[in-house]
Amino acid sequence: MKYKAQILTLAILATMLSYILISSIQIGLSIAYRRHVDPSKEAEQTPYPRFLSMLVVFAFDDLVNWNFTGTLARLKQFNLIFVPPTLRFAFDRFGQLMEALTTTLEEVERLLDESESLINIGRGEDARLLLNQASYQISSANITYNTLKSSVKEVTKTLSLPENEVFERLDALGELLRKIQERLLSLLNLIEEQRNLKETFLEVETYPETVWVGSNLTIRGKLYTINEHLSLRSVSILLDGEVVSEVKTSDDGTFEQNIKVPYLYKPKMVIQAKYTPGEEDREVFKPTASNTLEVNLLYILPHLDVKAVEKALPGKYFAIEGSLGAEMPYPYRQVRVYWVNETIVLQMGEDGTFKAILYTPEAIAEGKYVLKADAPPSGIFAPATATSYVDIQRMPLNVTLDIPQVVFAGVEASIKGKVNYPGIERFNVTAKLDLGREEHWEATSGEEFDLKINPSMTTLTEYQTYRIQVNPQLPWYSKSSVEGTFLIVNPLTISIPVGVISIFSVKFLKEDRRKAVKGEQEALTETATQRTYQKEYYVEKGLEWLMDSYWQAVVVVSNITGVEIAPSMTIREYLNITKPRLGEVYESFEKLSEMAEKALYSPSIIEEELEVARKAMERLQVKHVASLH
């Protein structure tokens, strides 16, 4: 045991020296020099002044033109601009004040518009309540504006912005606030003027209450005050808030109007009448609006269907079909179909069915895509729309590899692969090997490929991660990639520690070496016995490598645990005995043991299980090497 400990210590020291020597050579060759940058100076650089001034000016322009949505969108861009921390407060303060002022003015506009609408129908007292709210908001806007002026002065000075352009917009914003105040006062004056006017009343009714779109509808009504009927006055008829007709009242203030129902494909429409006094009546009567009526609308809603009847693959055509049905014969024979970036017009058959062949672009990403069809409105027939989803998934490639377990630096090795896929097409693939560094190899071939690798002599002895990507020639097949590890052995990294160990062993450890030689002879004798026992096993042709891997694993496990396998032990018995001492290695050895048992006793073993065995052996070797270091 003393000899083993000394040998292990010397091996570790020699390996570390070799690793440092070769790594220093590789690092020296790969050093890249970068231009020196002073981080403190770079951090204080301010954004381009002209860019900032234009952003500020455009935000003011949108606000002055009542484009509140545009103003808020530009203010969001402020958060994406890099500003040094020492200047950030002034910049953020300006953005916050602009956002607060924009939100306030947007609310003021809403209140003034609603108030004006109420005044126009004689509801001045209702409008007064809204104007009181607007007045409070305008006062708040003026306070924000005064604070904003101070903030703008600080921002232009700090960020070196052109003052003339910015302050010109700031003055325009002040003029806007003045006009808003004038509009508020004007609306309040209108309310006061209406207080001395005569109240007017307007009533309407319709016949029938349910109509087909495109048919006629009769509207009757009456305009009057408390004391008189208003004759020969103009009354506006509104459908869903839009004026569609004007009518004059008769001598008794009544009116009747026939209108054509527009083609509105919805369940109901709203009817209302409004009276706005003319020039002669403006100083006498208040404007008014009638009661609102809902009229039920009748129309035919066709039923439209569309779907894909074949699998959609990138770079290929696929078939779709659909149908259009309705309660009555429809007056058209065409539908439009939308697919990706394509729109086509299809002719329908007498039974309302249609078919088409569509193309899927080669470069399209996998996922679900909308297939849409629509039929236009026509008279009493409402428009119809149908939507379905087409799932686009490329066909998979199945790649199997023959990877060497050990590759020697300076010696060419070969990675062979085979590609299996569904379908009857025959096409080439491009196989690419990536070792995660500067080394790449590519080869173009048919179903089989052979990649050559030749690691340089500067490569260390280590487990190397590889990634092989297989790209198909046809766009409707998906790319496939396989990852794994193999061992690269560099004779230089082995010869140096071996030489050092040999020198020290000869000079200082002659007695221990004689004992070690004797122990090795005994171990060889026992190993020979185990191999004799191993030959008694019978496996199917082609699985001999699996049993060889198992016996290699047994040697590793015995070195770790100190437990040798006896000739009388079964695979399962040896696994159970060594389990308490294996630690992290146990899982890999268990998988390999299971595959060995199956190779011996099962009538068949599939490729996936063989792959499990290979990977288990690789993991076992990796963990064993790691434990030695």
# chains A, B, ... in the order shown; residues from 1 in each chain; ligands from 1

call {"tool": "residues_around", "arguments": {"residues": "Gln469 (chain A)", "least_positions_apart": "5", "cutoff": "10 Å", "atoms": "only C-alpha atoms", "output": "PyMOL selection string"}}
result
chain A and resi 399+429-434+442+479-483

call {"tool": "residues_around", "arguments": {"residues": "Phe381 (chain A)", "least_positions_apart": "3", "cutoff": "8 Å", "atoms": "only C-alpha atoms", "output": "list in words"}}
result
Tyr299, Ile300, Leu301, Pro302, Tyr330, Pro377 and Ser378 of chain A

call {"tool": "write_last_selection", "arguments": {"atoms": "N, CA and C atoms", "output": "PDB file, in the first residue's frame"}}
result
ATOM      1  N   TYR A 299     -80.732  39.048 -41.262  1.00  0.00           N
ATOM      2  CA  TYR A 299     -79.832  38.792 -42.390  1.00  0.00           C
ATOM      3  C   TYR A 299     -79.441  37.322 -42.327  1.00  0.00           C
ATOM      4  N   ILE A 300     -78.808  36.843 -43.386  1.00  0.00           N
ATOM      5  CA  ILE A 300     -78.408  35.437 -43.462  1.00  0.00           C
ATOM      6  C   ILE A 300     -76.896  35.356 -43.221  1.00  0.00           C
ATOM      7  N   LEU A 301     -76.522  34.516 -42.289  1.00  0.00           N
ATOM      8  CA  LEU A 301     -75.113  34.312 -41.981  1.00  0.00           C
ATOM      9  C   LEU A 301     -74.667  32.963 -42.556  1.00  0.00           C
ATOM     10  N   PRO A 302     -73.935  32.966 -43.665  1.00  0.00           N
ATOM     11  CA  PRO A 302     -73.470  31.689 -44.248  1.00  0.00           C
ATOM     12  C   PRO A 302     -72.518  30.971 -43.301  1.00  0.00           C
ATOM     13  N   TYR A 330     -76.782  31.468 -52.330  1.00  0.00           N
ATOM     14  CA  TYR A 330     -76.031  32.717 -52.254  1.00  0.00           C
ATOM     15  C   TYR A 330     -75.692  33.211 -53.652  1.00  0.00           C
ATOM     16  N   PRO A 377     -69.650  39.960 -48.201  1.00  0.00           N
ATOM     17  CA  PRO A 377     -71.073  40.233 -47.981  1.00  0.00           C
ATOM     18  C   PRO A 377     -71.754  40.553 -49.309  1.00  0.00           C
ATOM     19  N   SER A 378     -73.030  40.260 -49.379  1.00  0.00           N
ATOM     20  CA  SER A 378     -73.804  40.554 -50.592  1.00  0.00           C
ATOM     21  C   SER A 378     -75.276  40.617 -50.216  1.00  0.00           C
TER      22      SER A 378
END

call {"tool": "residues_around", "arguments": {"residues": "region 57-62 of chain A", "least_positions_apart": "2", "cutoff": "12 Å", "atoms": "only C-alpha atoms", "output": "ChimeraX atom specification"}}
result
/A:50-55,64-78,94-95,98-99,101-102,148,152,156,161-174,176

call {"tool": "select_by_dssp", "arguments": {"residues": "region 321-507 of chain A", "states": "strand (DSSP E or B)", "output": "VMD selection string"}}
result
chain A and resid 321 to 325 334 to 339 342 to 347 353 to 359 367 to 375 378 381 384 to 392 395 398 to 402 406 to 408 413 to 420 429 to 434 440 to 445 448 to 453 462 to 472 477 480 to 489

call {"tool": "closest_atom_pairs", "arguments": {"of": "region 305-402 of chain A", "to": "region 246-268 of chain A", "cutoff": "8 Å", "atoms": "only C-alpha atoms", "output": "CSV"}}
result
residue,atom,partner,partner_atom,distance
A:Gly379,CA,A:Tyr263,CA,7.0
A:Ile380,CA,A:Tyr263,CA,7.4
A:Ala382,CA,A:Tyr265,CA,5.8

call {"tool": "closest_residue", "arguments": {"among": "A:Lys368, A:Asn490, A:Glu447, A:Arg128", "to": "Leu460 (chain A)", "atoms": "only C-alpha atoms"}}
result
A:Asn490

call {"tool": "closest_residue", "arguments": {"among": "A:Glu125, A:Leu600, A:Thr288, A:Leu187", "to": "Thr225 (chain A)", "atoms": "only C-alpha atoms"}}
result
A:Thr288

call {"tool": "residues_around", "arguments": {"residues": "Phe449 (chain A)", "least_positions_apart": "3", "cutoff": "12 Å", "atoms": "only C-alpha atoms", "output": "list in words"}}
result
Val399, Thr400, Leu401, Asp402, Ser414, Ile415, Lys416, Gly417, Lys418, Val419, Asn428, Val429, Thr430, Ala431, Lys432, Leu433, Trp441, Glu442, Ala443, Thr444, Ser445, Gly446, Lys452, Ile468, Gln469, Val470 and Asn471 of chain A

call {"tool": "select_by_dssp", "arguments": {"residues": "region 132-337 of chain A", "states": "alpha helix (DSSP H)", "output": "short mmCIF file (atom, residue, chain, number, x, y, z; two decimals) with C-alpha atoms, in the first residue's frame"}}
result
data_model
loop_
_atom_site.label_atom_id
_atom_site.label_comp_id
_atom_site.auth_asym_id
_atom_site.auth_seq_id
_atom_site.Cartn_x
_atom_site.Cartn_y
_atom_site.Cartn_z
CA ASN A 132 -66.07 71.37 -13.11
CA GLN A 133 -63.88 68.24 -13.30
CA ALA A 134 -62.17 69.61 -16.41
CA SER A 135 -61.41 72.88 -14.63
CA TYR A 136 -59.63 71.03 -11.82
CA GLN A 137 -57.59 69.01 -14.35
CA ILE A 138 -56.61 72.18 -16.24
CA SER A 139 -55.33 73.74 -13.01
CA SER A 140 -53.26 70.62 -12.36
CA ALA A 141 -51.90 70.77 -15.93
CA ASN A 142 -50.79 74.39 -15.45
CA ILE A 143 -48.90 73.50 -12.27
CA THR A 144 -47.17 70.60 -14.07
CA TYR A 145 -46.35 72.90 -17.00
CA ASN A 146 -44.63 75.45 -14.75
CA THR A 147 -42.53 72.70 -13.16
CA LEU A 148 -41.77 71.31 -16.63
CA LYS A 149 -40.30 74.65 -17.75
CA SER A 150 -37.69 74.48 -14.99
CA SER A 151 -36.95 70.83 -15.82
CA VAL A 152 -36.47 71.65 -19.53
CA LYS A 153 -33.93 74.35 -18.69
CA GLU A 154 -31.95 71.87 -16.59
CA VAL A 155 -32.08 69.11 -19.24
CA THR A 156 -31.00 71.35 -22.13
CA LYS A 157 -28.09 72.69 -20.11
CA THR A 158 -26.97 69.32 -18.73
CA GLU A 163 -32.29 75.61 -26.52
CA ASN A 164 -34.10 77.52 -29.31
CA GLU A 165 -35.94 74.50 -30.74
CA VAL A 166 -36.92 73.12 -27.34
CA PHE A 167 -38.16 76.41 -25.84
CA GLU A 168 -40.10 77.19 -29.03
CA ARG A 169 -42.12 73.99 -28.47
CA LEU A 170 -42.46 74.77 -24.78
CA ASP A 171 -44.08 78.12 -25.66
CA ALA A 172 -46.44 76.36 -28.08
CA LEU A 173 -47.48 74.04 -25.24
CA GLY A 174 -48.27 77.08 -23.07
CA GLU A 175 -50.44 78.48 -25.88
CA LEU A 176 -52.27 75.15 -26.04
CA LEU A 177 -53.13 75.35 -22.33
CA ARG A 178 -54.48 78.87 -22.87
CA LYS A 179 -56.77 77.68 -25.72
CA ILE A 180 -58.03 74.82 -23.56
CA GLN A 181 -59.00 77.33 -20.86
CA GLU A 182 -60.80 79.45 -23.47
CA ARG A 183 -62.76 76.41 -24.67
CA LEU A 184 -63.83 75.64 -21.11
CA LEU A 185 -65.09 79.20 -20.61
CA SER A 186 -66.90 79.12 -23.95
CA LEU A 187 -68.79 75.96 -22.99
CA LEU A 188 -69.74 77.45 -19.63
CA ASN A 189 -71.09 80.54 -21.46
CA LEU A 190 -73.22 78.31 -23.69
CA ILE A 191 -74.73 76.69 -20.61
CA GLU A 192 -75.60 80.12 -19.18
CA GLU A 193 -77.14 81.24 -22.48
CA GLN A 194 -79.31 78.08 -22.61
#
